[in-house]
$ cat model-v7.cif   # mmCIF, C-alpha atoms
data_final
#
loop_
_atom_site.group_PDB
_atom_site.id
_atom_site.type_symbol
_atom_site.label_atom_id
_atom_site.label_comp_id
_atom_site.auth_asym_id
_atom_site.auth_seq_id
_atom_site.Cartn_x
_atom_site.Cartn_y
_atom_site.Cartn_z
ATOM 1 C CA MET A 240 4.888 15.005 -5.905
ATOM 2 C CA GLN A 241 7.812 12.976 -4.735
ATOM 3 C CA ALA A 242 8.030 10.022 -2.361
ATOM 4 C CA ASN A 243 10.154 11.357 0.496
ATOM 5 C CA HIS A 244 11.096 9.172 3.402
ATOM 6 C CA THR A 245 12.226 10.571 6.714
ATOM 7 C CA CYS A 246 15.771 9.384 7.102
ATOM 8 C CA ALA A 247 15.396 8.316 10.747
ATOM 9 C CA VAL A 248 17.646 5.784 12.413
ATOM 10 C CA ARG A 249 15.549 2.642 12.677
ATOM 11 C CA PRO A 250 15.497 0.456 15.770
ATOM 12 C CA SER A 251 16.478 -3.051 14.788
ATOM 13 C CA ARG A 252 14.115 -5.858 15.687
ATOM 14 C CA HIS A 253 16.355 -8.602 14.372
ATOM 15 C CA SER A 254 18.707 -10.777 16.395
ATOM 16 C CA THR A 255 21.883 -8.851 16.948
ATOM 17 C CA SER A 256 24.530 -11.464 16.223
ATOM 18 C CA THR A 257 26.909 -9.286 14.242
ATOM 19 C CA HIS A 258 26.446 -5.782 12.994
ATOM 20 C CA SER A 259 28.472 -3.808 10.528
ATOM 21 C CA THR A 260 30.568 -1.329 12.439
ATOM 22 C CA SER A 261 30.053 1.631 10.169
ATOM 23 C CA ALA A 262 30.837 4.914 11.856
ATOM 24 C CA THR A 263 27.663 6.431 10.465
ATOM 25 C CA GLY A 264 25.630 4.427 12.962
ATOM 26 C CA TYR A 265 23.795 2.302 10.433
ATOM 27 C CA ASN A 266 24.786 -0.934 12.192
ATOM 28 C CA MET A 267 21.578 -2.713 11.534
ATOM 29 C CA LEU A 268 22.438 -5.591 9.240
ATOM 30 C CA THR A 269 22.697 -9.100 10.608
ATOM 31 C CA ASP A 270 25.075 -11.616 9.018
ATOM 32 C CA HIS A 271 22.112 -13.274 7.320
ATOM 33 C CA GLU A 272 20.982 -9.983 5.822
ATOM 34 C CA LYS A 273 24.489 -9.172 4.559
ATOM 35 C CA GLU A 274 24.679 -12.573 2.858
ATOM 36 C CA LEU A 275 21.269 -12.069 1.294
ATOM 37 C CA ILE A 276 22.257 -8.648 -0.025
ATOM 38 C CA ALA A 277 25.581 -9.873 -1.440
ATOM 39 C CA LYS A 278 23.839 -12.813 -3.108
ATOM 40 C CA ILE A 279 21.276 -10.618 -4.813
ATOM 41 C CA TRP A 280 23.833 -8.130 -6.135
ATOM 42 C CA ASP A 281 26.131 -10.900 -7.278
ATOM 43 C CA LYS A 282 23.364 -12.030 -9.623
ATOM 44 C CA MET A 283 23.008 -8.508 -10.977
ATOM 45 C CA ILE A 284 26.673 -8.092 -11.970
ATOM 46 C CA PRO A 285 26.390 -9.885 -15.350
ATOM 47 C CA VAL A 286 23.336 -7.776 -16.243
ATOM 48 C CA ALA A 287 24.562 -4.556 -14.674
ATOM 49 C CA SER A 288 23.941 -2.401 -17.770
ATOM 50 C CA ASP A 289 20.358 -3.610 -18.170
ATOM 51 C CA ILE A 290 19.490 -3.327 -14.492
ATOM 52 C CA GLY A 291 21.289 -0.017 -14.056
ATOM 53 C CA ALA A 292 19.664 1.539 -17.100
ATOM 54 C CA GLU A 293 16.242 0.372 -15.905
ATOM 55 C CA CYS A 294 16.748 1.859 -12.429
ATOM 56 C CA LEU A 295 17.750 5.212 -13.901
ATOM 57 C CA LEU A 296 14.931 5.182 -16.441
ATOM 58 C CA ARG A 297 12.364 4.390 -13.758
ATOM 59 C CA MET A 298 13.696 7.201 -11.609
ATOM 60 C CA MET A 299 13.700 9.811 -14.357
ATOM 61 C CA THR A 300 10.250 8.791 -15.619
ATOM 62 C CA THR A 301 8.622 8.654 -12.176
ATOM 63 C CA PHE A 302 10.450 11.628 -10.667
ATOM 64 C CA PRO A 303 11.101 14.034 -13.557
ATOM 65 C CA GLY A 304 13.056 16.479 -11.357
ATOM 66 C CA THR A 305 15.914 13.993 -11.318
ATOM 67 C CA LYS A 306 16.425 14.509 -15.050
ATOM 68 C CA THR A 307 18.033 17.842 -14.267
ATOM 69 C CA TYR A 308 21.226 16.020 -13.297
ATOM 70 C CA PHE A 309 21.545 14.373 -16.692
ATOM 71 C CA ALA A 310 21.461 17.299 -19.079
ATOM 72 C CA HIS A 311 24.856 16.237 -20.386
ATOM 73 C CA LEU A 312 23.755 12.696 -21.320
ATOM 74 C CA ASP A 313 21.413 11.055 -23.771
ATOM 75 C CA ILE A 314 18.867 9.539 -21.425
ATOM 76 C CA ARG A 315 16.454 8.004 -23.881
ATOM 77 C CA PRO A 316 15.585 4.353 -23.213
ATOM 78 C CA ARG A 317 18.294 1.974 -24.467
ATOM 79 C CA SER A 318 20.765 4.827 -24.972
ATOM 80 C CA PRO A 319 24.400 3.753 -24.502
ATOM 81 C CA HIS A 320 24.879 6.614 -21.999
ATOM 82 C CA LEU A 321 22.065 5.324 -19.828
ATOM 83 C CA ARG A 322 23.448 1.778 -19.950
ATOM 84 C CA SER A 323 27.011 2.740 -19.185
ATOM 85 C CA HIS A 324 26.011 5.090 -16.387
ATOM 86 C CA GLY A 325 23.596 2.575 -14.958
ATOM 87 C CA LYS A 326 26.301 -0.082 -15.092
ATOM 88 C CA LYS A 327 28.676 2.097 -13.050
ATOM 89 C CA ILE A 328 26.081 2.563 -10.342
ATOM 90 C CA VAL A 329 25.109 -1.121 -10.153
ATOM 91 C CA LEU A 330 28.740 -2.250 -10.042
ATOM 92 C CA ALA A 331 29.537 0.202 -7.241
ATOM 93 C CA ILE A 332 26.584 -1.040 -5.182
ATOM 94 C CA ALA A 333 27.464 -4.673 -5.939
ATOM 95 C CA GLU A 334 31.130 -4.225 -5.096
ATOM 96 C CA CYS A 335 30.300 -2.603 -1.788
ATOM 97 C CA SER A 336 27.845 -5.393 -0.928
ATOM 98 C CA LYS A 337 30.698 -7.931 -0.910
ATOM 99 C CA ASP A 338 32.106 -6.360 2.251
ATOM 100 C CA ILE A 339 29.485 -4.160 3.844
ATOM 101 C CA SER A 340 31.515 -3.688 7.023
ATOM 102 C CA SER A 341 34.123 -1.793 5.017
ATOM 103 C CA MET A 342 31.605 0.526 3.413
ATOM 104 C CA MET A 343 33.227 3.724 4.694
ATOM 105 C CA VAL A 344 36.570 2.786 3.147
ATOM 106 C CA THR A 345 35.211 1.411 -0.123
ATOM 107 C CA LEU A 346 33.036 4.438 -0.726
ATOM 108 C CA ALA A 347 35.554 7.146 0.210
ATOM 109 C CA PRO A 348 36.358 8.094 -3.427
ATOM 110 C CA LEU A 349 32.648 8.145 -4.328
ATOM 111 C CA GLN A 350 31.943 10.296 -1.274
ATOM 112 C CA THR A 351 34.402 12.884 -2.540
ATOM 113 C CA LEU A 352 33.020 12.705 -6.071
ATOM 114 C CA HIS A 353 29.428 13.281 -4.925
ATOM 115 C CA ALA A 354 30.291 16.004 -2.421
ATOM 116 C CA TYR A 355 32.595 18.144 -4.491
ATOM 117 C CA LYS A 356 31.902 17.392 -8.114
ATOM 118 C CA LEU A 357 28.414 15.940 -8.632
ATOM 119 C CA ARG A 358 26.686 17.648 -5.701
ATOM 120 C CA ILE A 359 23.455 15.749 -6.180
ATOM 121 C CA ASP A 360 20.924 16.793 -3.570
ATOM 122 C CA PRO A 361 20.741 13.784 -1.214
ATOM 123 C CA CYS A 362 16.938 13.666 -1.325
ATOM 124 C CA ASN A 363 17.414 12.192 -4.790
ATOM 125 C CA PHE A 364 19.314 9.204 -3.416
ATOM 126 C CA LYS A 365 16.086 8.069 -1.776
ATOM 127 C CA LEU A 366 14.288 8.307 -5.102
ATOM 128 C CA LEU A 367 16.913 6.201 -6.868
ATOM 129 C CA CYS A 368 16.934 3.697 -3.988
ATOM 130 C CA HIS A 369 13.165 3.302 -4.314
ATOM 131 C CA CYS A 370 13.503 2.706 -8.053
ATOM 132 C CA ILE A 371 16.260 0.162 -7.432
ATOM 133 C CA LEU A 372 13.901 -1.717 -5.113
ATOM 134 C CA VAL A 373 11.138 -1.578 -7.738
ATOM 135 C CA THR A 374 13.537 -2.889 -10.405
ATOM 136 C CA LEU A 375 14.689 -5.721 -8.155
ATOM 137 C CA ALA A 376 11.046 -6.601 -7.369
ATOM 138 C CA ALA A 377 10.100 -6.583 -11.059
ATOM 139 C CA HIS A 378 12.931 -8.976 -11.899
ATOM 140 C CA MET A 379 12.897 -11.191 -8.821
ATOM 141 C CA GLY A 380 9.131 -11.483 -8.237
ATOM 142 C CA ASP A 381 8.235 -13.447 -5.110
ATOM 143 C CA GLU A 382 11.910 -14.021 -4.370
ATOM 144 C CA PHE A 383 12.073 -10.357 -3.380
ATOM 145 C CA ASP A 384 10.157 -11.186 -0.219
ATOM 146 C CA PRO A 385 9.647 -8.809 2.742
ATOM 147 C CA VAL A 386 12.822 -9.984 4.498
ATOM 148 C CA ALA A 387 14.958 -9.390 1.393
ATOM 149 C CA HIS A 388 13.193 -6.059 0.833
ATOM 150 C CA ALA A 389 13.856 -4.919 4.407
ATOM 151 C CA ALA A 390 17.524 -5.908 4.218
ATOM 152 C CA MET A 391 18.000 -4.252 0.844
ATOM 153 C CA ASP A 392 16.242 -1.059 1.934
ATOM 154 C CA LYS A 393 18.523 -0.824 4.982
ATOM 155 C CA TYR A 394 21.616 -1.443 2.869
ATOM 156 C CA LEU A 395 20.712 1.142 0.233
ATOM 157 C CA SER A 396 19.798 3.699 2.928
ATOM 158 C CA ALA A 397 23.185 3.175 4.564
ATOM 159 C CA PHE A 398 24.910 3.427 1.160
ATOM 160 C CA ALA A 399 23.133 6.706 0.419
ATOM 161 C CA ALA A 400 23.900 8.101 3.864
ATOM 162 C CA VAL A 401 27.600 7.301 3.472
ATOM 163 C CA LEU A 402 27.654 8.916 0.019
ATOM 164 C CA ALA A 403 26.273 12.132 1.483
ATOM 165 C CA GLU A 404 28.628 12.245 4.469
ATOM 166 C CA LYS A 405 31.201 14.624 3.017
ATOM 167 C CA TYR A 406 28.629 17.120 1.774
ATOM 168 C CA ARG A 407 29.092 19.423 4.736
ATOM 169 C CA MET B 1204 -7.612 19.836 -9.646
ATOM 170 C CA VAL B 1205 -5.499 16.918 -10.785
ATOM 171 C CA VAL B 1206 -5.284 16.468 -14.525
ATOM 172 C CA TRP B 1207 -4.973 12.898 -15.750
ATOM 173 C CA THR B 1208 -3.880 12.036 -19.273
ATOM 174 C CA ASP B 1209 -5.586 9.174 -21.084
ATOM 175 C CA GLU B 1210 -2.391 7.154 -20.784
ATOM 176 C CA GLU B 1211 -2.296 7.639 -17.034
ATOM 177 C CA ARG B 1212 -5.942 6.625 -16.601
ATOM 178 C CA ALA B 1213 -5.372 3.560 -18.767
ATOM 179 C CA ALA B 1214 -2.229 2.545 -16.867
ATOM 180 C CA ILE B 1215 -3.866 2.916 -13.461
ATOM 181 C CA SER B 1216 -7.008 1.032 -14.537
ATOM 182 C CA ASP B 1217 -4.898 -1.721 -16.015
ATOM 183 C CA ILE B 1218 -2.869 -2.111 -12.837
ATOM 184 C CA PHE B 1219 -5.998 -2.343 -10.677
ATOM 185 C CA SER B 1220 -7.680 -4.766 -13.081
ATOM 186 C CA LYS B 1221 -4.821 -7.188 -12.486
ATOM 187 C CA LEU B 1222 -4.942 -6.956 -8.678
ATOM 188 C CA ASP B 1223 -6.218 -9.745 -6.483
ATOM 189 C CA TYR B 1224 -7.217 -7.639 -3.478
ATOM 190 C CA ASP B 1225 -7.145 -10.577 -1.089
ATOM 191 C CA ASP B 1226 -3.556 -11.283 -2.100
ATOM 192 C CA VAL B 1227 -2.028 -7.863 -2.670
ATOM 193 C CA GLY B 1228 -3.718 -6.159 0.298
ATOM 194 C CA PRO B 1229 -2.285 -8.512 2.929
ATOM 195 C CA LYS B 1230 1.100 -8.610 1.193
ATOM 196 C CA CYS B 1231 1.320 -4.828 1.085
ATOM 197 C CA LEU B 1232 0.412 -4.212 4.715
ATOM 198 C CA SER B 1233 2.545 -7.021 6.112
ATOM 199 C CA ARG B 1234 5.492 -5.856 4.019
ATOM 200 C CA CYS B 1235 5.131 -2.343 5.428
ATOM 201 C CA LEU B 1236 5.127 -3.676 9.001
ATOM 202 C CA ILE B 1237 8.249 -5.750 8.273
ATOM 203 C CA VAL B 1238 10.284 -3.232 6.276
ATOM 204 C CA TYR B 1239 9.318 -0.262 8.484
ATOM 205 C CA PRO B 1240 8.791 -1.878 11.888
ATOM 206 C CA TRP B 1241 7.887 1.360 13.644
ATOM 207 C CA THR B 1242 4.593 1.309 11.748
ATOM 208 C CA GLN B 1243 3.614 -1.555 14.045
ATOM 209 C CA ARG B 1244 2.843 1.073 16.658
ATOM 210 C CA TYR B 1245 -0.635 1.400 15.164
ATOM 211 C CA PHE B 1246 -1.374 -2.307 15.366
ATOM 212 C CA GLY B 1247 -1.090 -3.070 19.068
ATOM 213 C CA ALA B 1248 -4.458 -4.840 19.073
ATOM 214 C CA PHE B 1249 -3.657 -7.064 16.105
ATOM 215 C CA GLY B 1250 -1.994 -9.952 17.904
ATOM 216 C CA ASN B 1251 1.368 -11.534 17.164
ATOM 217 C CA LEU B 1252 3.707 -9.231 15.216
ATOM 218 C CA TYR B 1253 6.867 -10.611 16.752
ATOM 219 C CA ASN B 1254 8.730 -11.443 13.558
ATOM 220 C CA ALA B 1255 8.328 -11.438 9.783
ATOM 221 C CA GLU B 1256 6.771 -14.903 9.695
ATOM 222 C CA ALA B 1257 4.235 -14.043 12.395
ATOM 223 C CA ILE B 1258 3.276 -10.849 10.571
ATOM 224 C CA MET B 1259 2.873 -12.614 7.228
ATOM 225 C CA ASN B 1260 0.643 -15.290 8.803
ATOM 226 C CA ASN B 1261 -1.410 -12.935 10.947
ATOM 227 C CA PRO B 1262 -5.081 -13.150 9.853
ATOM 228 C CA LEU B 1263 -6.042 -9.776 11.366
ATOM 229 C CA ILE B 1264 -3.292 -8.059 9.402
ATOM 230 C CA ALA B 1265 -4.353 -9.888 6.247
ATOM 231 C CA LYS B 1266 -7.961 -8.793 6.676
ATOM 232 C CA HIS B 1267 -6.924 -5.219 7.301
ATOM 233 C CA GLY B 1268 -4.667 -5.224 4.273
ATOM 234 C CA THR B 1269 -7.636 -6.130 2.095
ATOM 235 C CA THR B 1270 -9.680 -3.350 3.741
ATOM 236 C CA VAL B 1271 -6.981 -0.795 2.941
ATOM 237 C CA LEU B 1272 -6.776 -1.868 -0.686
ATOM 238 C CA ARG B 1273 -10.561 -1.700 -1.094
ATOM 239 C CA GLY B 1274 -10.273 1.819 0.295
ATOM 240 C CA LEU B 1275 -7.813 2.608 -2.484
ATOM 241 C CA GLU B 1276 -10.337 1.385 -5.017
ATOM 242 C CA ARG B 1277 -12.573 4.293 -4.045
ATOM 243 C CA ALA B 1278 -9.915 6.654 -5.340
ATOM 244 C CA LEU B 1279 -9.749 4.693 -8.587
ATOM 245 C CA LYS B 1280 -13.506 5.060 -9.041
ATOM 246 C CA ASN B 1281 -13.374 8.788 -8.285
ATOM 247 C CA MET B 1282 -10.125 9.836 -9.875
ATOM 248 C CA ASP B 1283 -11.343 13.322 -10.624
ATOM 249 C CA ASP B 1284 -12.233 14.063 -7.026
ATOM 250 C CA ILE B 1285 -9.969 12.059 -4.784
ATOM 251 C CA LYS B 1286 -9.676 14.995 -2.397
ATOM 252 C CA ASN B 1287 -13.338 14.927 -1.395
ATOM 253 C CA THR B 1288 -13.670 11.160 -1.675
ATOM 254 C CA TYR B 1289 -11.139 10.844 1.124
ATOM 255 C CA ALA B 1290 -12.222 13.762 3.326
ATOM 256 C CA GLU B 1291 -13.845 11.506 5.916
ATOM 257 C CA LEU B 1292 -11.059 8.927 5.818
ATOM 258 C CA SER B 1293 -8.572 11.716 6.356
ATOM 259 C CA ILE B 1294 -10.395 12.879 9.459
ATOM 260 C CA LEU B 1295 -10.566 9.279 10.682
ATOM 261 C CA HIS B 1296 -6.807 8.787 10.271
ATOM 262 C CA SER B 1297 -6.015 12.127 11.867
ATOM 263 C CA GLU B 1298 -8.400 12.307 14.793
ATOM 264 C CA LYS B 1299 -9.271 8.751 15.667
ATOM 265 C CA LEU B 1300 -6.380 6.588 14.456
ATOM 266 C CA ARG B 1301 -3.743 9.309 14.893
ATOM 267 C CA VAL B 1302 -1.531 7.981 12.107
ATOM 268 C CA ASP B 1303 1.529 10.068 11.228
ATOM 269 C CA PRO B 1304 0.840 11.044 7.594
ATOM 270 C CA ASP B 1305 4.437 10.200 6.629
ATOM 271 C CA ASN B 1306 3.414 6.579 7.039
ATOM 272 C CA PHE B 1307 1.055 6.837 4.065
ATOM 273 C CA LYS B 1308 4.114 7.225 1.816
ATOM 274 C CA LEU B 1309 5.759 4.177 3.349
ATOM 275 C CA LEU B 1310 2.688 2.024 2.710
ATOM 276 C CA SER B 1311 2.314 3.346 -0.827
ATOM 277 C CA ASP B 1312 5.972 2.538 -1.581
ATOM 278 C CA CYS B 1313 5.419 -1.016 -0.330
ATOM 279 C CA LEU B 1314 2.322 -1.323 -2.514
ATOM 280 C CA THR B 1315 4.341 -0.210 -5.546
ATOM 281 C CA ILE B 1316 6.957 -2.859 -4.839
ATOM 282 C CA VAL B 1317 4.389 -5.634 -4.302
ATOM 283 C CA ILE B 1318 2.779 -4.732 -7.625
ATOM 284 C CA ALA B 1319 6.173 -4.623 -9.352
ATOM 285 C CA ALA B 1320 6.911 -8.112 -8.015
ATOM 286 C CA LYS B 1321 3.573 -9.371 -9.372
ATOM 287 C CA MET B 1322 3.618 -7.658 -12.765
ATOM 288 C CA GLY B 1323 7.330 -7.990 -13.470
ATOM 289 C CA THR B 1324 8.528 -6.010 -16.445
ATOM 290 C CA ALA B 1325 4.893 -5.312 -17.431
ATOM 291 C CA PHE B 1326 5.169 -2.703 -14.675
ATOM 292 C CA THR B 1327 7.008 -0.381 -17.038
ATOM 293 C CA PRO B 1328 8.620 2.929 -16.046
ATOM 294 C CA GLU B 1329 5.570 4.689 -17.539
ATOM 295 C CA TYR B 1330 3.198 2.545 -15.500
ATOM 296 C CA GLN B 1331 5.292 3.220 -12.422
ATOM 297 C CA ALA B 1332 5.151 6.974 -13.062
ATOM 298 C CA SER B 1333 1.353 6.948 -13.485
ATOM 299 C CA PHE B 1334 0.882 4.832 -10.399
ATOM 300 C CA GLN B 1335 3.248 7.036 -8.395
ATOM 301 C CA LYS B 1336 1.209 10.079 -9.380
ATOM 302 C CA PHE B 1337 -2.004 8.326 -8.345
ATOM 303 C CA LEU B 1338 -0.559 7.310 -4.979
ATOM 304 C CA SER B 1339 0.806 10.839 -4.414
ATOM 305 C CA VAL B 1340 -2.682 12.254 -4.902
ATOM 306 C CA VAL B 1341 -4.138 9.648 -2.522
ATOM 307 C CA VAL B 1342 -1.473 10.363 0.107
ATOM 308 C CA SER B 1343 -2.042 14.085 -0.204
ATOM 309 C CA ALA B 1344 -5.824 13.695 0.144
ATOM 310 C CA LEU B 1345 -5.437 11.488 3.209
ATOM 311 C CA GLY B 1346 -3.197 14.066 4.839
ATOM 312 C CA ARG B 1347 -5.425 17.004 4.069
ATOM 313 C CA GLN B 1348 -7.625 17.016 7.167
ATOM 314 C CA TYR B 1349 -4.730 16.992 9.622
ATOM 315 C CA HIS B 1350 -4.682 20.197 11.634
#
$ encode --input "model-v7.cif" --output "C-alpha cells"
Amino acid sequence: MQANHTCAVRPSRHSTSTHSTSATGYNMLTDHEKELIAKIWDKMIPVASDIGAECLLRMMTTFPGTKTYFAHLDIRPRSPHLRSHGKKIVLAIAECSKDISSMMVTLAPLQTLHAYKLRIDPCNFKLLCHCILVTLAAHMGDEFDPVAHAAMDKYLSAFAAVLAEKYR
Amino acid sequence: MVVWTDEERAAISDIFSKLDYDDVGPKCLSRCLIVYPWTQRYFGAFGNLYNAEAIMNNPLIAKHGTTVLRGLERALKNMDDIKNTYAELSILHSEKLRVDPDNFKLLSDCLTIVIAAKMGTAFTPEYQASFQKFLSVVVSALGRQYH
C-alpha cells in the first residue's frame, strides 16, 4: 500500500510578507521559509551523491512499484548508477532552491523531459518527496524541526507540481 | 490476512523498543498540526494552536499525542489481527470524531519522519519499508468501518 497525499492547495497560516509568484498558485513560502530551504539544500550539495542515492534507495525499498522506472539502471545499494542519478536529482532541487521565485523558468527543461520522455506517473513524485523528507530527517535529526519540515514539504510539493505541469 | 516476514517483525519491534512514547507521541501530533494545518479542524477544543510554538508547547496536544501512540502499540501487540484490534477505534473515528481517513496517512508520515530524526541512519531503507507496511495496515484498519 502506498502513502498517497491529496494534492490540495493548502491555506497558508504564516505571515504573508512575500510569496513566490509562481503561476501554478503555490505561493505559500515566506521569505524566512525560502531562506531555510536554500540553507538546507546548500549543505546537501557537497554530499549530493550520497543523499540522492539514499533518497532513491528508500523510495524503491519502501514503494517497490517505483522500481519499474529503473529497469535500465543498476539500482543496488552503492551502485554508481544510483549515486549519479541521485546526484542529478539533488542538484536540480538544490539549484532551484536558490531562487524559488523563478521555479517555472528554471524547471522548464525538466518539465519537458518528464512530460515527453520520462513520463513518470506524478503520484510517484509524492513518494520520492516523502523519502527525501525522511532522508533529511535522518541526517539532520532535531534540526529538521516542524517549521523546517513544513517549509520543505511545501517546496517539494510545488517542485513536483511544476514538473508535472506539461503532462497534459 | 497480512503476512509478516521475520525481518519485518524484528524491524518493527526494534523501532518501537526505542520509542519514548511521551516524547515521540507529542512530537508526531504537533508536527502533523504544523505541517498540515487543516488537520487542526479536529482540535477546536484543545486551546491555543495559533502558531508552531503554541502547538509544540500545548499540553493537551502533548497528552493526546501520547494517547495516539499508545493506541498504535495495540497494533504492535496484535500484528496478526490489526483489522479486528482496531474495529472499535475505526467506528469511533468515523462516527464520533468524524475524521477524514486521508488524515491517518498524514499523521503516519509525520510519525515516520519523527522516528527518522530520532534514529538517524539506523532507520535504514529496510526499516522504513517495514514500518511503512505496518502503518499502511494500521491506516487501512482504521478506515475500514467508514460507511
$ closest_atom_pairs --input "model-v7.cif" --of "chain B" --to "chain A" --cutoff "6 Å" --atoms "only C-alpha atoms" --output "tab-separated table"
residue	atom	partner	partner_atom	distance
B:Arg1234	CA	A:Pro385	CA	5.3
B:Val1238	CA	A:Ala389	CA	4.4
B:Ile1316	CA	A:Val373	CA	5.2
B:Ala1319	CA	A:Ala377	CA	4.7
B:Ala1320	CA	A:Gly380	CA	4.0
B:Gly1323	CA	A:Ala377	CA	3.9
B:Thr1324	CA	A:Ala377	CA	5.6
B:Pro1328	CA	A:Arg297	CA	4.6
B:Ala1332	CA	A:Thr301	CA	4.0
$ resolve_selection --input "model-v7.cif" --expression "the PyMOL selection byres ((chain B and resi 1302) around 10)" --output "list in words"
Thr1242, Arg1244, Tyr1245, Ser1293, Leu1295, His1296, Ser1297, Glu1298, Lys1299, Leu1300, Arg1301, Asp1303, Pro1304, Asp1305, Asn1306, Phe1307, Gly1346 and Tyr1349 of chain B
$ resolve_selection --input "model-v7.cif" --expression "the PyMOL selection byres ((chain B and resi 1212) around 12)" --output "number ranges by chain"
B: 1205-1211, 1213-1219, 1278-1283, 1329-1330, 1332-1334, 1336-1337
$ resolve_selection --input "model-v7.cif" --expression "the PyMOL selection byres ((chain B and resi 1261-1265) around 7)" --output "ChimeraX atom specification"
/B:1229,1233,1249,1251,1257-1260,1266-1269
$ atom_distance --input "model-v7.cif" --atom1 "atom CA of A:Val401" --atom2 "atom CA of A:Ala277"
18.0 Å
